[in-house]
$ cat run-v2.cif   # mmCIF, C-alpha atoms and all ligand atoms; chains and numbers go by the auth columns
data_data
#
loop_
_atom_site.group_PDB
_atom_site.id
_atom_site.type_symbol
_atom_site.label_atom_id
_atom_site.label_comp_id
_atom_site.label_asym_id
_atom_site.label_seq_id
_atom_site.Cartn_x
_atom_site.Cartn_y
_atom_site.Cartn_z
_atom_site.B_iso_or_equiv
_atom_site.auth_seq_id
_atom_site.auth_asym_id
ATOM 1 C CA MET A 1 63.926 25.763 80.888 0.00 211 D
ATOM 2 C CA ALA A 2 64.584 27.929 84.034 0.00 212 D
ATOM 3 C CA GLU A 3 61.648 28.363 86.403 0.00 213 D
ATOM 4 C CA GLU A 4 60.202 31.874 86.902 0.00 214 D
ATOM 5 C CA PRO A 5 60.956 33.161 90.464 0.00 215 D
ATOM 6 C CA LYS A 6 57.861 33.229 92.655 0.00 216 D
ATOM 7 C CA GLU A 7 56.407 36.632 93.636 0.00 217 D
ATOM 8 C CA THR A 8 56.567 36.925 97.456 0.00 218 D
ATOM 9 C CA LYS A 9 54.454 40.100 97.697 0.00 219 D
ATOM 10 C CA PRO A 10 52.076 41.910 95.399 0.00 220 D
ATOM 11 C CA GLY A 11 53.791 44.162 92.811 0.00 221 D
ATOM 12 C CA PHE A 12 51.881 47.291 93.852 0.00 222 D
ATOM 13 C CA LEU A 13 53.705 47.250 97.234 0.00 223 D
ATOM 14 C CA ASN A 14 57.139 47.778 95.638 0.00 224 D
ATOM 15 C CA PRO A 15 56.924 51.632 95.560 0.00 225 D
ATOM 16 C CA VAL A 16 55.783 51.599 99.188 0.00 226 D
ATOM 17 C CA ALA A 17 58.826 49.489 100.117 0.00 227 D
ATOM 18 C CA GLY A 18 61.030 52.050 98.341 0.00 228 D
ATOM 19 C CA PHE A 19 59.566 54.890 100.387 0.00 229 D
ATOM 20 C CA GLY A 20 60.211 52.774 103.466 0.00 230 D
ATOM 21 C CA VAL A 21 63.947 53.129 102.900 0.00 231 D
ATOM 22 C CA THR A 22 63.571 56.910 102.665 0.00 232 D
ATOM 23 C CA PHE A 23 61.379 56.961 105.777 0.00 233 D
ATOM 24 C CA LYS A 24 63.919 54.988 107.842 0.00 234 D
ATOM 25 C CA ALA A 25 66.782 57.264 106.711 0.00 235 D
ATOM 26 C CA MET A 26 64.883 60.296 108.051 0.00 236 D
ATOM 27 C CA PHE A 27 65.515 59.175 111.623 0.00 237 D
ATOM 28 C CA LYS A 28 69.195 58.260 111.224 0.00 238 D
ATOM 29 C CA LYS A 29 72.065 60.494 112.367 0.00 239 D
ATOM 30 C CA ARG A 30 72.871 63.043 109.649 0.00 240 D
ATOM 31 C CA LEU A 31 76.299 62.736 108.036 0.00 241 D
ATOM 32 C CA THR A 32 76.029 65.959 106.032 0.00 242 D
ATOM 33 C CA GLU A 33 78.816 68.438 106.815 0.00 243 D
ATOM 34 C CA GLN A 34 77.919 72.131 106.714 0.00 244 D
ATOM 35 C CA TYR A 35 81.120 73.106 104.903 0.00 245 D
ATOM 36 C CA PRO A 36 82.340 75.858 104.536 0.00 246 D
ATOM 37 C CA GLU A 37 80.295 77.385 107.377 0.00 247 D
ATOM 38 C CA GLN A 38 81.492 74.682 109.786 0.00 248 D
ATOM 39 C CA LYS A 39 84.995 73.440 109.171 0.00 249 D
ATOM 40 C CA LYS A 40 85.931 70.011 110.377 0.00 250 D
ATOM 41 C CA THR A 41 89.204 69.607 112.268 0.00 251 D
ATOM 42 C CA THR A 42 91.583 67.388 110.332 0.00 252 D
ATOM 43 C CA ALA A 43 93.665 64.560 111.764 0.00 253 D
ATOM 44 C CA PRO A 44 96.901 65.943 113.295 0.00 254 D
ATOM 45 C CA ARG A 45 99.053 64.378 110.563 0.00 255 D
ATOM 46 C CA PHE A 46 96.776 65.354 107.665 0.00 256 D
ATOM 47 C CA HIS A 47 98.784 66.317 104.568 0.00 257 D
ATOM 48 C CA GLY A 48 97.750 69.827 103.564 0.00 258 D
ATOM 49 C CA ARG A 49 99.465 72.883 102.137 0.00 259 D
ATOM 50 C CA HIS A 50 103.265 72.917 102.402 0.00 260 D
ATOM 51 C CA GLN A 51 105.367 75.257 104.505 0.00 261 D
ATOM 52 C CA LEU A 52 109.014 76.299 104.163 0.00 262 D
ATOM 53 C CA ASN A 53 110.384 76.519 107.689 0.00 263 D
ATOM 54 C CA ARG A 54 112.859 78.873 109.309 0.00 264 D
ATOM 55 C CA HIS A 55 115.566 78.510 111.929 0.00 265 D
ATOM 56 C CA PRO A 56 114.787 80.153 115.293 0.00 266 D
ATOM 57 C CA ASP A 57 116.587 83.357 114.257 0.00 267 D
ATOM 58 C CA GLY A 58 114.553 83.656 111.036 0.00 268 D
ATOM 59 C CA LEU A 59 117.099 82.281 108.547 0.00 269 D
ATOM 60 C CA GLU A 60 115.595 79.805 106.071 0.00 270 D
ATOM 61 C CA LYS A 61 116.131 76.057 106.403 0.00 271 D
ATOM 62 C CA CYS A 62 115.911 75.410 102.654 0.00 272 D
ATOM 63 C CA VAL A 63 119.313 74.961 101.024 0.00 273 D
ATOM 64 C CA GLY A 64 117.984 74.791 97.456 0.00 274 D
ATOM 65 C CA CYS A 65 119.149 71.184 96.951 0.00 275 D
ATOM 66 C CA GLU A 66 116.105 70.213 94.788 0.00 276 D
ATOM 67 C CA LEU A 67 115.755 66.780 96.434 0.00 277 D
ATOM 68 C CA CYS A 68 112.074 67.499 97.060 0.00 278 D
ATOM 69 C CA ALA A 69 111.572 68.284 93.364 0.00 279 D
ATOM 70 C CA TRP A 70 113.283 65.051 92.303 0.00 280 D
ATOM 71 C CA ALA A 71 111.212 63.006 94.762 0.00 281 D
ATOM 72 C CA CYS A 72 107.900 64.428 93.560 0.00 282 D
ATOM 73 C CA PRO A 73 105.999 61.911 91.413 0.00 283 D
ATOM 74 C CA ALA A 74 103.782 64.650 89.965 0.00 284 D
ATOM 75 C CA ASP A 75 106.590 67.050 88.975 0.00 285 D
ATOM 76 C CA ALA A 76 104.850 69.719 91.015 0.00 286 D
ATOM 77 C CA ILE A 77 107.904 71.398 92.590 0.00 287 D
ATOM 78 C CA TYR A 78 110.270 73.850 90.933 0.00 288 D
ATOM 79 C CA VAL A 79 113.431 74.948 92.801 0.00 289 D
ATOM 80 C CA GLU A 80 116.326 77.170 91.855 0.00 290 D
ATOM 81 C CA GLY A 81 119.181 77.403 94.352 0.00 291 D
ATOM 82 C CA ALA A 82 121.658 80.282 94.685 0.00 292 D
ATOM 83 C CA ASP A 83 124.738 81.163 96.759 0.00 293 D
ATOM 84 C CA ASN A 84 124.479 83.152 99.982 0.00 294 D
ATOM 85 C CA THR A 85 126.868 86.050 100.462 0.00 295 D
ATOM 86 C CA ASP A 86 127.834 87.816 103.686 0.00 296 D
ATOM 87 C CA GLU A 87 125.977 90.886 102.424 0.00 297 D
ATOM 88 C CA GLU A 88 122.803 88.957 101.515 0.00 298 D
ATOM 89 C CA ARG A 89 122.272 85.770 103.511 0.00 299 D
ATOM 90 C CA TYR A 90 119.069 83.696 103.520 0.00 300 D
ATOM 91 C CA SER A 91 120.276 80.472 105.182 0.00 301 D
ATOM 92 C CA PRO A 92 123.221 79.593 107.450 0.00 302 D
ATOM 93 C CA GLY A 93 125.149 77.521 104.874 0.00 303 D
ATOM 94 C CA GLU A 94 126.466 78.016 101.380 0.00 304 D
ATOM 95 C CA ARG A 95 123.216 77.796 99.364 0.00 305 D
ATOM 96 C CA TYR A 96 119.591 78.775 99.707 0.00 306 D
ATOM 97 C CA GLY A 97 116.398 78.315 97.696 0.00 307 D
ATOM 98 C CA ARG A 98 116.185 81.464 95.537 0.00 308 D
ATOM 99 C CA VAL A 99 113.061 80.319 93.668 0.00 309 D
ATOM 100 C CA TYR A 100 110.652 77.821 95.180 0.00 310 D
ATOM 101 C CA GLN A 101 107.262 76.966 93.679 0.00 311 D
ATOM 102 C CA ILE A 102 104.667 74.263 94.232 0.00 312 D
ATOM 103 C CA ASN A 103 101.990 73.746 91.595 0.00 313 D
ATOM 104 C CA TYR A 104 98.819 72.698 93.426 0.00 314 D
ATOM 105 C CA ALA A 105 97.146 71.859 90.128 0.00 315 D
ATOM 106 C CA ARG A 106 99.538 68.897 90.048 0.00 316 D
ATOM 107 C CA CYS A 107 100.264 68.113 93.706 0.00 317 D
ATOM 108 C CA ILE A 108 98.556 64.987 95.047 0.00 318 D
ATOM 109 C CA LEU A 109 99.569 65.761 98.649 0.00 319 D
ATOM 110 C CA CYS A 110 101.404 62.439 98.950 0.00 320 D
ATOM 111 C CA GLY A 111 104.167 63.802 101.199 0.00 321 D
ATOM 112 C CA LEU A 112 107.131 62.215 99.391 0.00 322 D
ATOM 113 C CA CYS A 113 108.778 65.637 99.072 0.00 323 D
ATOM 114 C CA ILE A 114 108.822 66.242 102.820 0.00 324 D
ATOM 115 C CA GLU A 115 110.349 62.799 103.369 0.00 325 D
ATOM 116 C CA ALA A 116 113.121 63.651 100.888 0.00 326 D
ATOM 117 C CA CYS A 117 114.015 67.016 102.430 0.00 327 D
ATOM 118 C CA PRO A 118 117.327 66.646 104.324 0.00 328 D
ATOM 119 C CA THR A 119 116.922 69.781 106.464 0.00 329 D
ATOM 120 C CA ARG A 120 113.239 69.555 107.476 0.00 330 D
ATOM 121 C CA ALA A 121 112.827 72.820 105.598 0.00 331 D
ATOM 122 C CA LEU A 122 109.710 71.469 103.935 0.00 332 D
ATOM 123 C CA THR A 123 106.768 70.222 105.974 0.00 333 D
ATOM 124 C CA MET A 124 103.019 70.060 105.431 0.00 334 D
ATOM 125 C CA THR A 125 100.361 71.945 107.333 0.00 335 D
ATOM 126 C CA ASN A 126 96.732 70.914 107.973 0.00 336 D
ATOM 127 C CA GLU A 127 95.394 73.593 105.597 0.00 337 D
ATOM 128 C CA PHE A 128 93.288 71.960 102.877 0.00 338 D
ATOM 129 C CA GLU A 129 91.494 74.907 101.249 0.00 339 D
ATOM 130 C CA LEU A 130 93.599 75.012 98.092 0.00 340 D
ATOM 131 C CA ALA A 131 90.956 75.463 95.416 0.00 341 D
ATOM 132 C CA ASP A 132 91.229 78.462 93.101 0.00 342 D
ATOM 133 C CA SER A 133 89.758 79.634 89.830 0.00 343 D
ATOM 134 C CA SER A 134 92.935 80.034 87.784 0.00 344 D
ATOM 135 C CA ARG A 135 95.863 77.764 87.055 0.00 345 D
ATOM 136 C CA ALA A 136 98.379 80.543 87.752 0.00 346 D
ATOM 137 C CA ASP A 137 96.929 81.138 91.240 0.00 347 D
ATOM 138 C CA LEU A 138 97.476 77.474 92.080 0.00 348 D
ATOM 139 C CA ILE A 139 101.240 77.890 91.680 0.00 349 D
ATOM 140 C CA TYR A 140 102.396 78.973 95.134 0.00 350 D
ATOM 141 C CA THR A 141 105.623 80.963 95.301 0.00 351 D
ATOM 142 C CA LYS A 142 108.333 80.888 97.948 0.00 352 D
ATOM 143 C CA GLU A 143 106.908 84.036 99.565 0.00 353 D
ATOM 144 C CA GLN A 144 103.546 82.312 99.979 0.00 354 D
ATOM 145 C CA LEU A 145 105.055 79.092 101.333 0.00 355 D
ATOM 146 C CA LEU A 146 107.614 80.609 103.707 0.00 356 D
ATOM 147 C CA ALA A 147 106.659 80.407 107.397 0.00 357 D
ATOM 148 C CA GLY A 148 105.830 83.650 109.191 0.00 358 D
ATOM 149 C CA LEU A 149 108.093 85.267 111.747 0.00 359 D
ATOM 150 C CA ASP A 150 107.831 84.092 115.351 0.00 360 D
ATOM 151 C CA GLU A 151 109.150 86.026 118.323 0.00 361 D
ATOM 152 C CA GLY A 152 112.932 86.329 118.272 0.00 362 D
ATOM 153 C CA MET A 153 113.151 86.035 114.475 0.00 363 D
ATOM 154 C CA VAL A 154 114.356 88.623 111.952 0.00 364 D
ATOM 155 C CA ASP A 155 113.235 88.400 108.334 0.00 365 D
ATOM 156 C CA THR A 156 115.767 87.314 105.699 0.00 366 D
ATOM 157 C CA PRO A 157 118.251 88.246 104.447 0.00 367 D
ATOM 158 C CA HIS A 158 120.356 88.731 107.584 0.00 368 D
ATOM 159 C CA ALA A 159 123.733 87.704 109.006 0.00 369 D
ATOM 160 C CA ILE A 160 124.421 84.326 110.608 0.00 370 D
ATOM 161 C CA TYR A 161 124.518 84.264 114.440 0.00 371 D
ATOM 162 C CA PRO A 162 128.018 85.497 115.403 0.00 372 D
ATOM 163 C CA GLY A 163 130.382 82.655 116.357 0.00 373 D
ATOM 164 C CA MET A 164 128.007 79.941 115.031 0.00 374 D
ATOM 165 C CA ASP A 165 128.233 77.840 111.884 0.00 375 D
ATOM 166 C CA GLU A 166 125.663 75.871 109.872 0.00 376 D
ATOM 167 C CA GLN A 167 126.138 72.749 112.007 0.00 377 D
ATOM 168 C CA ASP A 168 125.412 74.732 115.187 0.00 378 D
ATOM 169 C CA TYR A 169 122.037 75.668 113.722 0.00 379 D
ATOM 170 C CA TYR A 170 121.178 71.975 113.241 0.00 380 D
ATOM 171 C CA ARG A 171 122.463 71.164 116.742 0.00 381 D
ATOM 172 C CA GLY A 172 119.851 73.593 118.069 0.00 382 D
ATOM 173 C CA LEU A 173 122.424 76.006 119.521 0.00 383 D
ATOM 174 C CA VAL A 174 120.781 79.038 117.927 0.00 384 D
ATOM 175 C CA THR A 175 117.518 79.794 119.696 0.00 385 D
ATOM 176 C CA GLU A 176 116.818 83.348 118.504 0.00 386 D
ATOM 177 C CA ALA A 177 118.346 86.166 116.452 0.00 387 D
ATOM 178 C CA ALA A 178 121.469 87.706 117.941 0.00 388 D
ATOM 179 C CA PRO A 179 120.842 91.072 119.650 0.00 389 D
ATOM 180 C CA GLY A 180 121.116 93.879 117.122 0.00 390 D
ATOM 181 C CA THR A 181 120.523 91.649 114.065 0.00 391 D
ATOM 182 C CA GLU A 182 119.185 93.741 111.208 0.00 392 D
ATOM 183 C CA ARG A 183 117.619 92.766 107.921 0.00 393 D
ATOM 184 C CA GLN A 184 120.048 93.140 105.008 0.00 394 D
ATOM 185 C CA VAL A 185 119.244 94.629 101.621 0.00 395 D
ATOM 186 C CA ALA A 186 117.926 92.024 99.154 0.00 396 D
ATOM 187 C CA VAL A 187 119.944 93.378 96.246 0.00 397 D
ATOM 188 C CA SER A 188 119.306 90.248 94.153 0.00 398 D
ATOM 189 C CA LYS A 189 115.570 91.072 94.291 0.00 399 D
ATOM 190 C CA GLY A 190 116.210 94.630 93.129 0.00 400 D
ATOM 191 C CA GLU A 191 115.621 96.075 96.598 0.00 401 D
ATOM 192 C CA SER A 192 117.025 99.459 97.658 0.00 402 D
ATOM 193 C CA PRO A 193 118.295 100.273 101.206 0.00 403 D
ATOM 194 C CA GLN A 194 115.140 102.379 101.841 0.00 404 D
ATOM 195 C CA GLU A 195 112.871 99.455 100.953 0.00 405 D
ATOM 196 C CA ALA A 196 114.883 97.094 103.175 0.00 406 D
ATOM 197 C CA ALA A 197 114.528 99.458 106.144 0.00 407 D
ATOM 198 C CA SER A 198 110.747 99.586 105.719 0.00 408 D
ATOM 199 C CA THR A 199 110.380 95.776 105.577 0.00 409 D
ATOM 200 C CA SER A 200 109.880 94.327 109.022 0.00 410 D
ATOM 201 C CA GLY A 201 107.487 91.399 108.503 0.00 411 D
ATOM 202 C CA PRO A 202 107.293 88.605 105.892 0.00 412 D
ATOM 203 C CA GLU A 203 107.591 89.762 102.298 0.00 413 D
ATOM 204 C CA GLU A 204 104.552 90.376 100.121 0.00 414 D
ATOM 205 C CA PRO A 205 103.636 87.522 97.776 0.00 415 D
ATOM 206 C CA ALA A 206 104.145 87.589 94.009 0.00 416 D
ATOM 207 C CA SER A 207 107.527 89.366 93.896 0.00 417 D
ATOM 208 C CA GLU A 208 108.825 86.086 92.449 0.00 418 D
ATOM 209 C CA GLU A 209 108.259 85.413 88.782 0.00 419 D
ATOM 210 C CA VAL A 210 105.921 82.437 88.453 0.00 420 D
ATOM 211 C CA ILE A 211 107.344 79.813 86.144 0.00 421 D
ATOM 212 C CA ARG A 212 104.371 78.128 84.459 0.00 422 D
ATOM 213 C CA ARG A 213 104.904 74.579 83.337 0.00 423 D
HETATM 214 S S1 LIG B . 103.050 66.191 98.242 0.00 501 L
HETATM 215 FE FE1 LIG B . 103.630 64.656 96.647 0.00 501 L
HETATM 216 S S2 LIG B . 102.756 65.469 94.761 0.00 501 L
HETATM 217 FE FE2 LIG B . 102.735 67.175 96.236 0.00 501 L
HETATM 218 S S3 LIG B . 104.624 68.283 95.863 0.00 501 L
HETATM 219 FE FE3 LIG B . 105.071 66.787 97.477 0.00 501 L
HETATM 220 S S4 LIG B . 105.831 64.934 96.414 0.00 501 L
HETATM 221 FE FE4 LIG B . 104.838 66.258 94.885 0.00 501 L
HETATM 222 S S1 LIG B . 112.792 72.107 100.627 0.00 502 L
HETATM 223 FE FE1 LIG B . 114.338 70.654 101.375 0.00 502 L
HETATM 224 S S2 LIG B . 114.610 69.164 99.702 0.00 502 L
HETATM 225 FE FE2 LIG B . 113.572 70.967 98.834 0.00 502 L
HETATM 226 S S3 LIG B . 115.194 72.243 98.004 0.00 502 L
HETATM 227 FE FE3 LIG B . 114.793 72.965 100.098 0.00 502 L
HETATM 228 S S4 LIG B . 116.242 71.837 101.401 0.00 502 L
HETATM 229 FE FE4 LIG B . 116.166 70.768 99.428 0.00 502 L
#
$ encode --input "run-v2.cif" --output "structure tokens"
Amino acid sequence: MAEEPKETKPGFLNPVAGFGVTFKAMFKKRLTEQYPEQKKTTAPRFHGRHQLNRHPDGLEKCVGCELCAWACPADAIYVEGADNTDEERYSPGERYGRVYQINYARCILCGLCIEACPTRALTMTNEFELADSSRADLIYTKEQLLAGLDEGMVDTPHAIYPGMDEQDYYRGLVTEAAPGTERQVAVSKGESPQEAASTSGPEEPASEEVIRR
């Protein structure tokens, strides 16, 4: 028969010992973060919200190839490519991403999609505040993911830099929009010439139909 373990201290001291742990913790450095009042800076390579990048003249880098969607283990990306025309051009080459959606209810922020992207169109930012109250709001559209316009850029659609081809864009030979570049009319989005003239900055979100899966 196993021997009973010997009591080393009287039983009534056990609660006091428990409070001792609490008492010691009172003088330790606090680890509590005062989020969201104080936001912590993430590591530089933290995987946050995605971004669809532009060339230095504002044309889009995405060519609608869907490689990111195929690489995604969570089936969180939906892409539909379309052909550019000289009258309505979104990227320097033949194709562009007409519809682009990321479902953040599915995304696990693993980064496999950005590794698969052949044009570096898709990268990830440090933004981590992705919570929302509805499933539909967690599906980000192309307009929400597209990078803003820096100096020297013109919003899409617009003509390719005169005398340059798609390869020249990837060689870094285009550094800003050609002088006199004007935004074209996005006829495929049902836009009229008057609307095109009034659009100078990035487009408003939610003009793209959200495909819920
Ligand atoms: S980060 Fe991972 S889970 Fe999220 S969209 Fe990209 S591949 Fe899919
Ligand atoms: S983001 Fe990259 S991988 Fe995805 S469709 Fe566009 S070009 Fe292809």
$ resolve_selection --input "run-v2.cif" --expression "the PyMOL selection byres (((not hetatm)) within 9 of (chain L and resi 502))" --output "ChimeraX atom specification"
/D:261-263,271-281,287-291,306-307,310,323-333
$ resolve_selection --input "run-v2.cif" --expression "the PyMOL selection byres (((not hetatm)) within 8 of (chain L and resi 501))" --output "ChimeraX atom specification"
/D:257,260,278-279,281-287,312-314,316-324
$ closest_residue --input "run-v2.cif" --among "D:Glu297, D:Glu337, D:Glu304, D:Asp342" --to "Leu355 of chain D" --atoms "all atoms listed in the file"
D:Glu337
$ closest_residue --input "run-v2.cif" --among "D:Val309, D:Leu223, D:Met363, D:Leu241" --to "Lys399 of chain D" --atoms "only C-alpha atoms"
D:Val309
$ atom_distance --input "run-v2.cif" --atom1 "atom CA of Arg393 of chain D" --atom2 "atom CA of Glu298 of chain D"
9.1 Å
$ residues_around --input "run-v2.cif" --residues "Ile370 of chain D" --least-positions-apart "4" --cutoff "8 Å" --atoms "all atoms listed in the file" --output "list in words"
Leu269, Arg299, Ser301, Pro302, Met374 and Asp375 of chain D
$ write_last_selection --input "run-v2.cif" --atoms "C-alpha atoms" --output "short mmCIF file (atom, residue, chain, number, x, y, z; two decimals), keeping the file's coordinate frame"
data_model
loop_
_atom_site.label_atom_id
_atom_site.label_comp_id
_atom_site.auth_asym_id
_atom_site.auth_seq_id
_atom_site.Cartn_x
_atom_site.Cartn_y
_atom_site.Cartn_z
CA LEU D 269 117.10 82.28 108.55
CA ARG D 299 122.27 85.77 103.51
CA SER D 301 120.28 80.47 105.18
CA PRO D 302 123.22 79.59 107.45
CA MET D 374 128.01 79.94 115.03
CA ASP D 375 128.23 77.84 111.88
#
$ atom_distance --input "run-v2.cif" --atom1 "atom CA of Ala315 of chain D" --atom2 "atom CA of Arg259 of chain D"
12.3 Å
$ residues_around --input "run-v2.cif" --residues "Tyr380 of chain D" --least-positions-apart "4" --cutoff "9 Å" --atoms "only C-alpha atoms" --output "NGL selection string"
:D and (265 or 329 or 376 or 384)
$ atom_distance --input "run-v2.cif" --atom1 "atom CA of Gly400 of chain D" --atom2 "atom CA of Leu348 of chain D"
25.4 Å
$ resolve_selection --input "run-v2.cif" --expression "the PyMOL selection byres (((chain D and resi 254) around 12) and not hetatm)" --output "VMD selection string"
chain D and resid 251 to 253 255 to 258 334 to 337
$ residues_around --input "run-v2.cif" --residues "Val395 of chain D" --least-positions-apart "6" --cutoff "9 Å" --atoms "only C-alpha atoms" --output "PDB file with C-alpha atoms, in the frame of the given file"
ATOM      1  CA  GLU D 297     125.977  90.886 102.424  1.00  0.00           C
ATOM      2  CA  GLU D 298     122.803  88.957 101.515  1.00  0.00           C
ATOM      3  CA  PRO D 367     118.251  88.246 104.447  1.00  0.00           C
ATOM      4  CA  HIS D 368     120.356  88.731 107.584  1.00  0.00           C
ATOM      5  CA  GLU D 401     115.621  96.075  96.598  1.00  0.00           C
ATOM      6  CA  SER D 402     117.025  99.459  97.658  1.00  0.00           C
ATOM      7  CA  PRO D 403     118.295 100.273 101.206  1.00  0.00           C
ATOM      8  CA  GLN D 404     115.140 102.379 101.841  1.00  0.00           C
ATOM      9  CA  GLU D 405     112.871  99.455 100.953  1.00  0.00           C
ATOM     10  CA  ALA D 406     114.883  97.094 103.175  1.00  0.00           C
ATOM     11  CA  ALA D 407     114.528  99.458 106.144  1.00  0.00           C
TER      12      ALA D 407
END
$ axis_aligned_box --input "run-v2.cif" --around "segment 259-269 of chain D" --padding-each-side "3 Å" --output "lines of an AutoDock Vina configuration file"
center_x = 108.3
center_y = 78.3
center_z = 108.7
size_x = 23.6
size_y = 16.8
size_z = 19.2
$ closest_residue --input "run-v2.cif" --among "D:Lys250, D:Pro225, D:Gly268, D:Lys238" --to "Leu359 of chain D" --atoms "all atoms listed in the file"
D:Gly268
$ closest_residue --input "run-v2.cif" --among "D:Tyr300, D:Arg240, D:Phe233, D:Gln311" --to "Tyr350 of chain D" --atoms "only C-alpha atoms"
D:Gln311
$ closest_residue --input "run-v2.cif" --among "D:Arg381, D:Lys234, D:Arg308, D:Lys249" --to "Thr366 of chain D" --atoms "only C-alpha atoms"
D:Arg308
$ decode --input "run-v2.cif" --residues "segment 353-385 of chain D" --atoms "C-alpha atoms" --output "tab-separated table (two decimals), in the first residue's frame"
chain	number	residue	atom	x	y	z
D	353	GLU	CA	-11.35	49.15	-55.20
D	354	GLN	CA	-10.64	48.64	-51.50
D	355	LEU	CA	-7.41	46.73	-52.10
D	356	LEU	CA	-5.95	48.92	-54.85
D	357	ALA	CA	-3.09	51.19	-53.71
D	358	GLY	CA	-3.73	54.93	-53.63
D	359	LEU	CA	-2.24	57.36	-56.11
D	360	ASP	CA	1.25	58.71	-55.40
D	361	GLU	CA	2.71	61.80	-57.03
D	362	GLY	CA	3.19	61.36	-60.76
D	363	MET	CA	0.41	58.77	-61.07
D	364	VAL	CA	-2.87	59.02	-62.99
D	365	ASP	CA	-5.81	56.82	-62.01
D	366	THR	CA	-6.78	53.94	-64.31
D	367	PRO	CA	-7.85	53.47	-67.00
D	368	HIS	CA	-5.27	55.41	-69.02
D	369	ALA	CA	-2.91	54.92	-71.97
D	370	ILE	CA	0.46	53.17	-71.73
D	371	TYR	CA	3.53	55.46	-71.63
D	372	PRO	CA	4.22	56.41	-75.28
D	373	GLY	CA	7.08	54.39	-76.83
D	374	MET	CA	7.18	51.89	-73.91
D	375	ASP	CA	5.97	48.30	-73.75
D	376	GLU	CA	5.05	45.98	-70.87
D	377	GLN	CA	8.65	44.80	-70.46
D	378	ASP	CA	9.87	48.40	-70.10
D	379	TYR	CA	7.54	48.80	-67.14
D	380	TYR	CA	9.16	45.80	-65.41
D	381	ARG	CA	12.63	47.10	-66.30
D	382	GLY	CA	11.77	50.23	-64.31
D	383	LEU	CA	11.99	52.55	-67.33
D	384	VAL	CA	8.65	54.19	-66.57
D	385	THR	CA	8.99	56.41	-63.52
